[in-house]
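Enquirer: Sharing run11.cif here; it has mmCIF, C-alpha atoms.
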```cif
data_query
#
loop_
_atom_site.label_atom_id
_atom_site.label_comp_id
_atom_site.auth_asym_id
_atom_site.auth_seq_id
_atom_site.Cartn_x
_atom_site.Cartn_y
_atom_site.Cartn_z
CA MET A 1 -96.39 -3.93 -28.60
CA LYS A 2 -96.02 -6.91 -30.86
CA THR A 3 -96.01 -4.61 -33.82
CA ILE A 4 -93.09 -2.63 -32.39
CA ILE A 5 -91.03 -5.76 -31.66
CA GLY A 6 -91.73 -7.18 -35.08
CA TRP A 7 -90.67 -3.93 -36.67
CA PHE A 8 -87.43 -3.61 -34.62
CA PHE A 9 -86.18 -7.20 -34.93
CA PRO A 10 -85.57 -7.14 -38.69
CA VAL A 11 -83.59 -3.95 -38.21
CA VAL A 12 -81.28 -5.70 -35.73
CA LEU A 13 -80.78 -8.59 -38.09
CA MET A 14 -79.89 -6.28 -40.90
CA SER A 15 -77.32 -4.46 -38.72
CA VAL A 16 -75.64 -7.72 -37.85
CA SER A 17 -75.38 -8.82 -41.44
CA LYS A 18 -74.20 -5.39 -42.61
CA PRO A 19 -70.76 -5.48 -44.29
CA PRO A 20 -67.81 -3.65 -42.69
CA PRO A 21 -67.28 0.01 -43.53
CA PRO A 22 -65.04 0.87 -46.47
CA HIS A 23 -62.42 2.58 -44.23
CA SER A 24 -61.50 -0.71 -42.50
CA HIS A 25 -57.82 -1.76 -42.66
CA PHE A 26 -58.68 -5.22 -43.89
CA PRO A 27 -61.48 -5.03 -46.51
CA PRO A 28 -63.27 -8.30 -47.20
CA SER A 29 -62.10 -10.26 -50.16
CA ASN A 30 -65.55 -11.64 -50.92
CA PRO A 31 -68.56 -9.59 -49.92
CA SER A 32 -70.81 -12.58 -50.40
CA SER A 33 -69.29 -14.18 -47.34
CA HIS A 34 -71.00 -11.57 -45.17
CA LEU A 35 -74.41 -11.66 -46.89
CA PRO A 36 -76.77 -14.60 -47.06
CA LEU A 37 -77.06 -16.01 -50.53
CA PRO A 38 -80.59 -15.88 -51.94
CA PRO A 39 -82.09 -19.18 -53.08
CA SER A 40 -81.35 -19.89 -56.69
CA SER A 41 -84.38 -20.03 -59.00
CA SER A 42 -82.57 -21.86 -61.76
CA PRO A 43 -82.86 -25.59 -61.72
CA SER A 44 -79.89 -27.57 -60.53
CA PRO A 45 -78.17 -29.75 -63.06
CA SER A 46 -79.24 -33.31 -63.11
CA PRO A 47 -76.84 -36.03 -62.17
CA SER A 48 -76.92 -37.30 -65.72
CA THR A 49 -75.79 -34.01 -67.10
CA PRO A 50 -72.04 -33.71 -67.54
CA PRO A 51 -70.28 -31.17 -65.31
CA PHE A 52 -68.97 -29.07 -68.19
CA ALA A 53 -72.44 -28.56 -69.48
CA ALA A 54 -73.51 -26.69 -66.36
CA GLY A 55 -71.12 -23.69 -66.95
CA PRO A 56 -67.91 -22.56 -65.19
CA PRO A 57 -67.38 -23.66 -61.56
CA SER A 58 -67.77 -21.09 -58.77
CA PRO A 59 -64.54 -19.87 -57.07
CA ALA A 60 -63.57 -21.30 -53.63
CA VAL A 61 -64.43 -19.11 -50.67
CA LEU A 62 -61.25 -18.03 -48.60
CA PRO A 63 -61.36 -17.03 -44.92
CA PRO A 64 -60.56 -13.37 -44.12
CA PRO A 65 -56.92 -12.70 -43.03
CA SER A 66 -56.38 -12.17 -39.32
CA PRO A 67 -54.98 -8.72 -38.32
CA VAL A 68 -51.27 -8.56 -37.19
CA LYS A 69 -50.99 -7.54 -33.55
CA ILE A 70 -47.84 -5.60 -32.36
CA SER A 71 -47.32 -4.68 -28.72
CA MET A 72 -46.38 -1.14 -27.70
CA GLN A 73 -42.95 -2.26 -26.41
CA GLU A 74 -42.09 -3.90 -29.75
CA HIS A 75 -43.19 -0.79 -31.55
CA PHE A 76 -40.85 1.48 -29.59
CA ALA A 77 -38.02 -1.07 -29.76
CA ILE A 78 -38.16 -1.10 -33.56
CA ASN A 79 -38.29 2.67 -33.97
CA VAL A 80 -35.86 3.71 -31.20
CA CYS A 81 -33.21 0.92 -31.21
CA PRO A 82 -32.54 0.01 -34.83
CA GLY A 83 -29.06 -1.46 -34.06
CA PRO A 84 -27.30 -3.48 -31.35
CA ILE A 85 -26.52 -1.88 -27.99
CA LEU A 86 -22.77 -1.09 -27.70
CA PRO A 87 -20.94 -1.76 -24.41
CA ILE A 88 -19.98 1.23 -22.26
CA PRO A 89 -16.15 1.75 -22.13
CA GLN A 90 -14.58 1.33 -18.71
CA ILE A 91 -11.71 3.24 -17.12
CA SER A 92 -9.53 0.12 -17.32
CA ASP A 93 -9.74 0.23 -21.11
CA PHE A 94 -7.81 3.51 -21.09
CA PHE A 95 -5.34 2.46 -18.36
CA PRO A 96 -4.44 -1.20 -18.93
CA ARG A 97 -2.26 -1.40 -15.82
CA PHE A 98 -5.42 -1.17 -13.66
CA HIS A 99 -6.76 -4.48 -14.99
CA ASP A 100 -7.26 -7.13 -12.35
CA TYR A 101 -6.43 -9.89 -14.83
CA PRO A 102 -3.22 -10.36 -16.84
CA ILE A 103 -3.19 -8.75 -20.26
CA THR A 104 -1.72 -10.43 -23.28
CA PRO A 105 1.49 -8.69 -24.39
CA PRO A 106 1.29 -6.61 -27.58
CA PRO A 107 2.55 -8.16 -30.80
CA PRO A 108 6.19 -7.52 -31.72
CA ARG A 109 6.91 -4.38 -33.67
CA GLU A 110 7.84 -4.38 -37.30
CA LYS A 111 11.02 -2.46 -36.60
CA LYS A 112 12.66 -5.57 -35.22
CA VAL A 113 12.02 -7.32 -38.52
CA LEU A 114 13.66 -4.44 -40.32
CA LYS A 115 16.75 -4.89 -38.19
CA ASP A 116 16.96 -8.53 -39.25
CA ARG A 117 16.65 -7.47 -42.85
CA ASP A 118 19.51 -5.05 -42.44
CA LYS A 119 21.74 -7.90 -41.43
CA ASP A 120 21.09 -9.59 -44.76
CA GLY A 121 21.31 -6.34 -46.71
CA ASP A 122 24.15 -4.10 -47.73
CA GLY A 123 25.04 -2.93 -44.23
CA ASN A 124 22.85 0.18 -44.07
CA GLY A 125 21.68 -0.84 -40.61
CA GLU A 126 25.19 -0.60 -39.19
CA LYS A 127 25.56 2.90 -40.63
CA GLU A 128 22.32 3.98 -38.99
CA HIS A 129 23.46 2.63 -35.63
CA LYS A 130 26.71 4.61 -35.94
CA ARG A 131 24.72 7.76 -36.66
CA GLU A 132 22.54 7.15 -33.62
CA ARG A 133 25.60 6.80 -31.41
CA GLU A 134 27.08 10.01 -32.76
CA HIS A 135 23.81 11.85 -32.06
CA GLU A 136 23.69 10.49 -28.53
CA GLU A 137 27.26 11.59 -27.85
CA ASN A 138 26.43 15.09 -29.08
CA GLY A 139 23.43 15.22 -26.78
CA GLU A 140 20.83 15.07 -29.54
CA PHE A 141 17.61 13.12 -29.14
CA VAL A 142 17.35 9.80 -30.92
CA ASP A 143 14.02 7.99 -31.20
CA SER A 144 14.99 4.45 -30.26
CA ASP A 145 12.84 1.36 -30.31
CA ASP A 146 13.19 0.68 -26.59
CA ASP A 147 10.41 1.14 -24.09
CA ASP A 148 12.50 3.82 -22.36
CA THR A 149 11.66 6.24 -25.17
CA TYR A 150 8.05 6.34 -24.04
CA LEU A 151 9.03 7.70 -20.63
CA GLY A 152 9.23 11.15 -22.20
CA THR A 153 11.90 13.64 -23.28
CA LEU A 154 13.69 16.45 -21.43
CA GLU A 155 15.05 19.69 -22.85
CA PHE A 156 17.79 21.49 -20.93
CA SER A 157 21.01 23.49 -21.43
CA LEU A 158 24.36 23.63 -19.61
CA LEU A 159 26.91 26.44 -19.25
CA PHE A 160 30.25 26.25 -17.44
CA ASP A 161 31.56 29.58 -16.10
CA GLN A 162 35.19 28.88 -15.28
CA GLU A 163 35.89 32.41 -14.07
CA ASN A 164 33.33 32.11 -11.26
CA ASN A 165 33.59 28.30 -10.94
CA CYS A 166 29.88 27.86 -11.61
CA LEU A 167 27.87 25.35 -13.61
CA HIS A 168 24.55 26.76 -14.84
CA CYS A 169 21.86 24.14 -15.49
CA THR A 170 18.73 25.51 -17.18
CA ILE A 171 15.76 23.13 -17.23
CA HIS A 172 13.48 24.20 -20.07
CA LYS A 173 10.67 21.66 -20.44
CA ALA A 174 9.67 18.02 -20.75
CA LYS A 175 7.38 16.40 -23.27
CA GLY A 176 5.30 13.24 -23.33
CA LEU A 177 6.02 12.10 -19.78
CA LYS A 178 4.63 8.81 -18.57
CA ALA A 179 1.36 9.10 -16.64
CA MET A 180 1.94 8.18 -13.00
CA ASP A 181 -1.35 9.19 -11.31
CA SER A 182 -4.80 7.60 -11.57
CA ASN A 183 -6.12 10.62 -13.48
CA GLY A 184 -3.74 9.93 -16.35
CA LEU A 185 -1.41 12.84 -15.48
CA ALA A 186 1.62 13.51 -13.26
CA ASP A 187 3.11 16.13 -10.90
CA PRO A 188 6.67 16.27 -12.29
CA TYR A 189 9.83 17.92 -11.01
CA VAL A 190 13.53 17.58 -11.93
CA LYS A 191 16.27 16.64 -9.46
CA LEU A 192 20.00 17.12 -10.20
CA HIS A 193 23.02 15.27 -8.79
CA LEU A 194 26.74 15.30 -9.47
CA LEU A 195 28.31 11.86 -9.80
CA PRO A 196 30.29 10.34 -8.20
CA GLY A 197 29.37 11.23 -4.65
CA ALA A 198 25.66 11.97 -5.08
CA SER A 199 24.18 13.26 -1.81
CA LYS A 200 22.06 16.04 -0.44
CA ALA A 201 25.12 18.28 -0.58
CA ASN A 202 25.06 18.43 -4.39
CA LYS A 203 21.35 17.97 -4.96
CA LEU A 204 19.37 20.68 -6.72
CA ARG A 205 15.68 20.59 -7.53
CA THR A 206 13.18 22.49 -9.63
CA LYS A 207 9.66 23.44 -8.61
CA THR A 208 6.81 20.96 -8.99
CA LEU A 209 4.18 21.45 -11.70
CA LYS A 210 0.75 19.93 -11.09
CA ASN A 211 -1.33 17.73 -13.41
CA THR A 212 0.67 17.84 -16.62
CA LEU A 213 2.61 15.53 -18.91
CA ASN A 214 4.26 18.42 -20.80
CA PRO A 215 5.69 20.68 -18.07
CA VAL A 216 7.53 23.93 -18.82
CA TRP A 217 9.94 25.07 -16.07
CA ASN A 218 12.44 27.51 -17.63
CA GLU A 219 14.33 27.40 -14.33
CA THR A 220 18.11 27.80 -13.86
CA LEU A 221 19.94 25.89 -11.13
CA ILE A 222 23.57 26.78 -10.30
CA TYR A 223 26.35 24.61 -8.91
CA HIS A 224 29.02 26.67 -7.13
CA GLY A 225 32.60 25.61 -6.57
CA ILE A 226 32.95 23.60 -9.79
CA THR A 227 36.53 23.64 -11.07
CA ALA A 228 38.01 22.62 -14.42
CA ALA A 229 39.22 19.39 -12.82
CA ASP A 230 35.64 18.56 -11.81
CA MET A 231 34.47 19.01 -15.38
CA THR A 232 36.79 16.23 -16.51
CA THR A 233 35.67 13.70 -13.88
CA LYS A 234 32.07 14.57 -12.99
CA THR A 235 28.80 13.41 -14.54
CA LEU A 236 25.53 15.32 -14.22
CA ARG A 237 22.49 13.21 -13.46
CA LEU A 238 19.02 14.66 -14.16
CA CYS A 239 16.09 12.72 -12.70
CA VAL A 240 12.43 13.41 -13.51
CA CYS A 241 10.13 12.34 -10.68
CA ASP A 242 6.44 12.50 -9.84
CA MET A 243 5.56 14.07 -6.49
CA ASP A 244 3.03 12.21 -4.36
CA ARG A 245 1.79 13.89 -1.20
CA LEU A 246 0.25 10.76 0.29
CA GLY A 247 3.02 8.34 -0.58
CA ARG A 248 6.55 8.13 -1.82
CA ASN A 249 7.60 10.15 -4.86
CA GLU A 250 7.78 8.01 -8.00
CA PHE A 251 10.74 7.85 -10.34
CA ILE A 252 9.93 8.42 -14.05
CA GLY A 253 13.30 8.48 -15.81
CA GLU A 254 16.77 9.98 -15.85
CA ILE A 255 19.51 11.37 -18.10
CA ARG A 256 23.27 11.36 -17.51
CA VAL A 257 25.63 13.82 -19.19
CA ALA A 258 29.43 13.63 -18.99
CA LEU A 259 30.65 17.16 -18.22
CA LYS A 260 33.98 16.61 -19.98
CA LYS A 261 32.19 17.16 -23.32
CA LEU A 262 31.11 20.65 -22.25
CA LYS A 263 33.38 23.48 -23.38
CA GLU A 264 34.15 26.44 -21.14
CA GLY A 265 31.95 29.48 -21.77
CA GLU A 266 29.76 27.65 -24.32
CA SER A 267 26.06 27.09 -23.64
CA LYS A 268 25.04 23.70 -25.01
CA LYS A 269 21.41 22.67 -25.45
CA TYR A 270 20.25 19.07 -25.01
CA TYR A 271 17.04 17.31 -26.06
CA MET A 272 17.24 13.73 -24.85
CA GLY A 273 14.94 10.84 -24.02
CA LEU A 274 14.51 9.65 -20.46
CA GLU A 275 15.87 6.24 -19.50
CA ARG A 276 15.76 3.84 -16.60
CA ILE A 277 19.37 3.06 -15.69
CA ALA A 278 19.77 0.19 -13.26
CA GLN A 279 21.97 0.93 -10.27
CA THR A 280 24.84 -1.56 -10.09
CA ARG A 281 27.47 -2.22 -7.49
CA GLU A 282 30.13 -1.35 -10.02
CA GLY A 283 28.95 2.25 -10.12
CA ASN A 284 29.16 2.45 -6.35
CA SER A 285 32.61 0.92 -6.27
CA GLN A 286 33.94 3.46 -8.77
CA ALA A 287 33.30 6.24 -6.28
CA VAL A 288 35.22 4.38 -3.62
CA ASP A 289 38.19 3.74 -5.91
CA HIS A 290 38.99 7.44 -6.06
CA GLY A 291 40.33 7.12 -2.52
CA ALA A 292 41.41 10.19 -0.62
CA LEU A 293 40.36 12.60 -3.37
CA VAL A 294 36.71 11.68 -3.00
CA ALA A 295 37.04 11.69 0.78
CA GLU A 296 38.24 15.27 0.61
CA GLU A 297 35.46 16.31 -1.73
CA GLU A 298 32.80 14.88 0.54
CA ARG A 299 33.87 17.29 3.32
CA GLY A 300 32.91 20.25 1.13
CA ARG A 301 34.47 23.39 -0.32
CA ILE A 302 34.77 26.99 0.74
CA LEU A 303 35.19 30.23 -1.24
CA VAL A 304 37.59 32.63 0.48
CA SER A 305 38.72 36.12 -0.55
CA LEU A 306 41.93 37.84 0.66
CA MET A 307 42.94 41.47 0.27
CA TYR A 308 45.71 43.46 1.96
CA ILE A 309 45.21 47.21 2.31
CA THR A 310 48.50 49.10 2.70
CA GLU A 311 46.94 52.34 3.94
CA LYS A 312 45.36 50.61 6.94
CA SER A 313 48.04 47.93 7.32
CA SER A 314 45.29 45.34 7.57
CA LEU A 315 44.36 42.02 6.04
CA ILE A 316 40.70 41.60 5.05
CA VAL A 317 39.47 38.00 5.00
CA GLY A 318 36.14 37.35 3.28
CA ILE A 319 34.08 34.19 3.84
CA ILE A 320 31.80 34.16 0.84
CA ARG A 321 30.13 30.75 0.73
CA CYS A 322 30.50 26.98 1.11
CA ALA A 323 29.39 24.21 -1.20
CA HIS A 324 28.72 20.47 -0.92
CA LEU A 325 29.32 20.31 2.83
CA ALA A 326 29.15 16.96 4.61
CA ALA A 327 25.87 16.27 6.43
CA MET A 328 26.39 16.05 10.19
CA ASP A 329 22.79 15.95 11.49
CA SER A 330 20.31 13.07 11.43
CA ASN A 331 18.05 14.95 9.01
CA GLY A 332 20.75 14.83 6.33
CA TYR A 333 21.76 18.49 6.68
CA SER A 334 24.01 20.68 8.82
CA ASP A 335 23.85 24.03 10.62
CA PRO A 336 27.22 25.38 9.45
CA PHE A 337 29.29 28.32 10.58
CA VAL A 338 32.95 29.27 9.93
CA LYS A 339 35.77 30.03 12.37
CA ILE A 340 38.97 31.83 11.30
CA VAL A 341 42.16 32.15 13.35
CA LEU A 342 45.40 33.95 12.41
CA GLN A 343 48.37 32.08 13.86
CA PRO A 344 50.56 32.70 15.82
CA ASN A 345 47.80 33.62 18.20
CA MET A 346 47.22 37.36 18.58
CA GLY A 347 44.69 37.09 21.40
CA LYS A 348 40.98 37.86 20.99
CA LYS A 349 41.64 39.94 17.89
CA SER A 350 42.80 36.89 16.00
CA LYS A 351 39.59 34.81 16.33
CA TYR A 352 36.34 35.40 14.45
CA LYS A 353 33.11 33.50 13.76
CA THR A 354 30.45 33.86 11.11
CA SER A 355 26.73 33.55 11.67
CA VAL A 356 25.05 30.13 11.71
CA LYS A 357 23.08 29.05 8.65
CA LYS A 358 20.32 26.62 9.53
CA LYS A 359 19.66 23.33 7.74
CA THR A 360 21.78 23.75 4.62
CA LEU A 361 24.77 22.17 2.94
CA ASN A 362 25.43 25.12 0.63
CA PRO A 363 25.47 28.18 2.92
CA GLU A 364 26.12 31.70 1.71
CA PHE A 365 27.77 34.01 4.27
CA ASN A 366 29.28 37.07 2.50
CA GLU A 367 31.02 38.25 5.69
CA GLU A 368 34.40 40.02 6.01
CA PHE A 369 36.83 40.22 8.91
CA THR A 370 39.82 42.55 9.39
CA TYR A 371 43.24 41.78 10.93
CA GLU A 372 45.58 44.67 11.70
CA VAL A 373 49.01 43.26 10.91
CA PRO A 374 52.08 44.75 9.15
CA HIS A 375 52.76 43.48 5.68
CA ASP A 376 56.24 42.20 6.52
CA GLN A 377 54.81 39.91 9.21
CA LEU A 378 52.30 38.15 6.94
CA ALA A 379 55.01 35.85 5.62
CA LYS A 380 55.28 34.40 9.10
CA LYS A 381 51.53 34.06 9.64
CA THR A 382 49.17 31.18 8.94
CA LEU A 383 45.42 31.62 8.44
CA GLU A 384 43.38 28.69 9.75
CA ILE A 385 39.82 28.37 8.43
CA SER A 386 37.47 25.70 9.79
CA VAL A 387 33.79 24.88 9.16
CA TRP A 388 31.64 23.60 12.00
CA ASP A 389 28.15 22.22 12.51
CA TYR A 390 26.30 23.99 15.30
CA ASP A 391 24.54 21.77 17.87
CA LEU A 392 22.43 23.33 20.61
CA GLY A 393 23.43 22.07 24.07
CA MET A 394 26.13 19.80 22.67
CA SER A 395 29.65 20.14 21.36
CA ASN A 396 29.83 21.38 17.79
CA ASP A 397 30.88 18.95 15.08
CA PHE A 398 33.93 19.64 12.94
CA ILE A 399 33.15 19.41 9.20
CA GLY A 400 36.44 20.40 7.55
CA GLY A 401 39.21 22.96 7.41
CA VAL A 402 41.92 24.59 5.33
CA GLU A 403 45.18 26.41 6.11
CA LEU A 404 46.61 29.32 4.07
CA GLY A 405 50.20 30.43 4.54
CA VAL A 406 53.84 29.97 3.58
CA ASN A 407 53.81 26.36 4.71
CA ALA A 408 50.78 25.46 2.55
CA LYS A 409 50.95 23.75 -0.85
CA GLY A 410 49.24 23.97 -4.20
CA GLU A 411 46.33 26.35 -4.58
CA ARG A 412 46.52 27.36 -0.92
CA LEU A 413 50.09 28.57 -1.24
CA LYS A 414 49.29 30.29 -4.53
CA HIS A 415 46.36 32.13 -2.98
CA TRP A 416 48.52 33.42 -0.10
CA PHE A 417 51.34 34.62 -2.37
CA GLU A 418 48.95 36.46 -4.71
CA CYS A 419 47.46 38.28 -1.72
CA LEU A 420 50.92 39.46 -0.64
CA LYS A 421 51.95 40.36 -4.18
CA TYR A 422 48.89 42.25 -5.41
CA LYS A 423 48.18 44.79 -2.66
CA GLY A 424 44.73 46.35 -2.71
CA LYS A 425 43.31 43.61 -4.97
CA LYS A 426 40.74 41.10 -3.79
CA VAL A 427 41.83 37.55 -4.66
CA GLU A 428 39.19 34.76 -4.51
CA TYR A 429 39.88 31.04 -4.50
CA TRP A 430 37.91 27.88 -3.90
CA HIS A 431 39.55 25.49 -1.44
CA THR A 432 38.70 21.89 -0.60
CA LEU A 433 37.98 21.19 3.05
CA THR A 434 39.95 18.36 4.64
CA GLN A 435 40.06 16.64 7.99
CA GLN A 436 43.72 17.48 8.44
CA GLY A 437 44.36 19.83 11.32
CA ALA A 438 41.05 19.12 13.01
CA PRO A 439 41.17 20.39 16.62
CA CYS A 440 40.43 18.05 19.47
CA SER A 441 37.62 20.27 20.74
CA ASP A 442 35.74 23.33 19.71
#
```
As structure tokens, what does this structure read like?
Expert:
Amino acid sequence: MKTIIGWFFPVVLMSVSKPPPPHSHFPPSNPSSHLPLPPSSSPSPSPSTPPFAAGPPSPAVLPPPSPVKISMQEHFAINVCPGPILPIPQISDFFPRFHDYPITPPPPREKKVLKDRDKDGDGNGEKEHKREREHEENGEFVDSDDDDTYLGTLEFSLLFDQENNCLHCTIHKAKGLKAMDSNGLADPYVKLHLLPGASKANKLRTKTLKNTLNPVWNETLIYHGITAADMTTKTLRLCVCDMDRLGRNEFIGEIRVALKKLKEGESKKYYMGLERIAQTREGNSQAVDHGALVAEEERGRILVSLMYITEKSSLIVGIIRCAHLAAMDSNGYSDPFVKIVLQPNMGKKSKYKTSVKKKTLNPEFNEEFTYEVPHDQLAKKTLEISVWDYDLGMSNDFIGGVELGVNAKGERLKHWFECLKYKGKKVEYWHTLTQQGAPCSD
């Protein structure tokens, strides 16, 4: 047993003093540091012997370098994230008006500086302003420096048909509209009014297009009962709005076009930028200054046709349509119908009524009525036409009326004479409804 222990113990000592393997990451710089030095057999130099006589000095023994330790997290951080982490963009960065804190205003544009330079220059700036005004008068689009330009642009065309007393308004498309919804889009539609006297009676509207800032309508809206006199005094207002089902519709911008610049029978195309025109009291007072003329227009107009047939000795009266009637109900509309009476009274055969058109201010009837009367007696007759608003269970409301006959004046007298003169020919005229001759009861 002692022999075995004595044989095994030197082996253990040798394994402890064995140098590291050659494949180690940090090889030893001095192998002698791991092995015991054998005793030197040469004599040591005496103290009297000089140091240089003993040979070169032995090099200093350095400790082994310690291994560099790197954690697993640091290892992945170095390999996977070589650069700084960028912040994630928020929705408020794309829509600044949703910021909860005030935003600093953008710096002034360079175009304003150019305007100041033009003042000191040779007057080219004034020439450019004159050109811009000329383009605006012609209906052409001018890219101005105002914020209104960024509301978008609208492309449309106008055509005045004097023969049929119609104004055709074709809405083509809009481009670059201002985003009004939280998704960065809008639900636009175009609304038309005739100024002065804007109301539901002369309001026309296109269809609504969903989720777009560049809508294409290609829709034609027609105003009936527009005369040449209206073209000299009226202004067409085109409003672009955003429809909101849950709340109130939002106003984007508008364009106003003076109809006096539009020639009869000529289709004119416009491409103009939307603006925000502030409503002033002066604009409202201008409509009131027109006096009785505006009061008559607000009652509405009616298109009547007359034709006398000699073979049947009868007068055919046609009630074609009405336009821009006054609203008589609380909902802003009326339920109109027309009554016609040939005076002096001829009994039941002299009174007729049209059908009732529900909830409209621009009804279309297209109904004809026949009176059997000799031609020589028409000069003594008077045709009374009145428009009423139908109310269930209550007395009907009088909207307006017109009288045709020998005692009439202006267009009314002209219409009656042409009917008597041109037998067998249908003569159509637009007439303005007035409150004169309103009966006391229905």
Enquirer: Name every residue that the PyMOL selection byres ((chain A and resi 386) around 7) selects in this structure, writing the answer as a list in words with chains first and numbers rising.
Expert: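 Here the PyMOL selection byres ((chain A and resi 386) around 7) matches Val338, Lys339, Ile340, Glu384, Ile385, Val387, Trp388, Gly400, Gly401 and Val402 of chain A.
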Enquirer: Grab the residues selected above and save them as a JSON list (two decimals), in the coordinates of the input with C-alpha atoms.
Expert:
```json
[["chain", "number", "residue", "atom", "x", "y", "z"],
["A", 338, "VAL", "CA", 32.95, 29.27, 9.93],
["A", 339, "LYS", "CA", 35.77, 30.03, 12.37],
["A", 340, "ILE", "CA", 38.97, 31.83, 11.30],
["A", 384, "GLU", "CA", 43.38, 28.69, 9.75],
["A", 385, "ILE", "CA", 39.82, 28.37, 8.43],
["A", 387, "VAL", "CA", 33.79, 24.88, 9.16],
["A", 388, "TRP", "CA", 31.64, 23.60, 12.00],
["A", 400, "GLY", "CA", 36.44, 20.40, 7.55],
["A", 401, "GLY", "CA", 39.21, 22.96, 7.41],
["A", 402, "VAL", "CA", 41.92, 24.59, 5.33]]
```
Enquirer: Using all atoms listed in the file and a cutoff of 12 Å, can you tell me which residues are near (52.2, 49.1, 2.8) in the file's coordinates, and write them out as JSON, numbers by chain?
Expert: {"A": [308, 309, 310, 311, 312, 313, 314, 315, 372, 373, 374, 375, 376, 377, 378, 420, 421, 422, 423, 424]}
Enquirer: With only C-alpha atoms as the atoms that count, which of A:Glu428, A:Asp329, A:Glu364, A:Glu418 lies nearest to Phe398 of chain A?
Expert: A:Asp329
Enquirer: Written as a PyMOL selection string, which residues does the PyMOL selection byres ((chain A and resi 242) around 10) give for the file shown?
Expert: chain A and resi 177-181+185-190+208-210+240-241+243-245+248-253
Enquirer: Place a sphere of radius 10 Å on (29.8, 26.1, -15.4) in the file coordinates and name every protein, DNA or RNA residue with an atom inside or on its surface, counting all atoms listed in the file; give the answer as an NGL selection string.
Expert: :A and (158-169 or 222-228 or 231 or 259 or 262-267)
Enquirer: With C-alpha atoms retained, export the selected residues as an mmCIF file, keeping the file's coordinate frame.
Expert:
```cif
data_model
loop_
_atom_site.group_PDB
_atom_site.id
_atom_site.type_symbol
_atom_site.label_atom_id
_atom_site.label_comp_id
_atom_site.auth_asym_id
_atom_site.auth_seq_id
_atom_site.Cartn_x
_atom_site.Cartn_y
_atom_site.Cartn_z
ATOM 1 C CA LEU A 158 24.360 23.630 -19.610
ATOM 2 C CA LEU A 159 26.910 26.440 -19.250
ATOM 3 C CA PHE A 160 30.250 26.250 -17.440
ATOM 4 C CA ASP A 161 31.560 29.580 -16.100
ATOM 5 C CA GLN A 162 35.190 28.880 -15.280
ATOM 6 C CA GLU A 163 35.890 32.410 -14.070
ATOM 7 C CA ASN A 164 33.330 32.110 -11.260
ATOM 8 C CA ASN A 165 33.590 28.300 -10.940
ATOM 9 C CA CYS A 166 29.880 27.860 -11.610
ATOM 10 C CA LEU A 167 27.870 25.350 -13.610
ATOM 11 C CA HIS A 168 24.550 26.760 -14.840
ATOM 12 C CA CYS A 169 21.860 24.140 -15.490
ATOM 13 C CA ILE A 222 23.570 26.780 -10.300
ATOM 14 C CA TYR A 223 26.350 24.610 -8.910
ATOM 15 C CA HIS A 224 29.020 26.670 -7.130
ATOM 16 C CA GLY A 225 32.600 25.610 -6.570
ATOM 17 C CA ILE A 226 32.950 23.600 -9.790
ATOM 18 C CA THR A 227 36.530 23.640 -11.070
ATOM 19 C CA ALA A 228 38.010 22.620 -14.420
ATOM 20 C CA MET A 231 34.470 19.010 -15.380
ATOM 21 C CA LEU A 259 30.650 17.160 -18.220
ATOM 22 C CA LEU A 262 31.110 20.650 -22.250
ATOM 23 C CA LYS A 263 33.380 23.480 -23.380
ATOM 24 C CA GLU A 264 34.150 26.440 -21.140
ATOM 25 C CA GLY A 265 31.950 29.480 -21.770
ATOM 26 C CA GLU A 266 29.760 27.650 -24.320
ATOM 27 C CA SER A 267 26.060 27.090 -23.640
#
```
Enquirer: Any chance you could resolve the PyMOL selection byres ((chain A and resi 383) around 8) against this file and give the residues as a list in words?
Expert: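 Output of the PyMOL selection byres ((chain A and resi 383) around 8): Ile340, Val341, Leu342, Gln343, Lys381, Thr382, Glu384, Ile385, Glu403, Leu404 and Gly405 of chain A.
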Enquirer: Just the selected residues (C-alpha atoms), exported as a PDB file, in the coordinates of the input, please.
Expert:
```pdb
ATOM      1  CA  ILE A 340      38.970  31.830  11.300  1.00  0.00           C
ATOM      2  CA  VAL A 341      42.160  32.150  13.350  1.00  0.00           C
ATOM      3  CA  LEU A 342      45.400  33.950  12.410  1.00  0.00           C
ATOM      4  CA  GLN A 343      48.370  32.080  13.860  1.00  0.00           C
ATOM      5  CA  LYS A 381      51.530  34.060   9.640  1.00  0.00           C
ATOM      6  CA  THR A 382      49.170  31.180   8.940  1.00  0.00           C
ATOM      7  CA  GLU A 384      43.380  28.690   9.750  1.00  0.00           C
ATOM      8  CA  ILE A 385      39.820  28.370   8.430  1.00  0.00           C
ATOM      9  CA  GLU A 403      45.180  26.410   6.110  1.00  0.00           C
ATOM     10  CA  LEU A 404      46.610  29.320   4.070  1.00  0.00           C
ATOM     11  CA  GLY A 405      50.200  30.430   4.540  1.00  0.00           C
TER      12      GLY A 405
END
```
Enquirer: In Å, how far is it from atom CA of Ser350 of chain A to atom CA of Asn366 of chain A?
Expert: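 A separation of 19.1 Å between them.
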Enquirer: Measuring between all atoms listed in the file, which one of A:Asn211, A:Gln435, A:Thr206, A:Asn218 shows the shortest distance to His172 of chain A?
Expert: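 Comparing A:Asn211, A:Gln435, A:Thr206, A:Asn218 against His172 of chain A, the winner is A:Asn218.
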Enquirer: Of the candidates A:Leu433, A:Arg256, A:Ser334, A:Asp397, which one gets nearest to Ile302 of chain A if we count all atoms listed in the file?
Expert: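 Comparing A:Leu433, A:Arg256, A:Ser334, A:Asp397 against Ile302 of chain A, the winner is A:Leu433.
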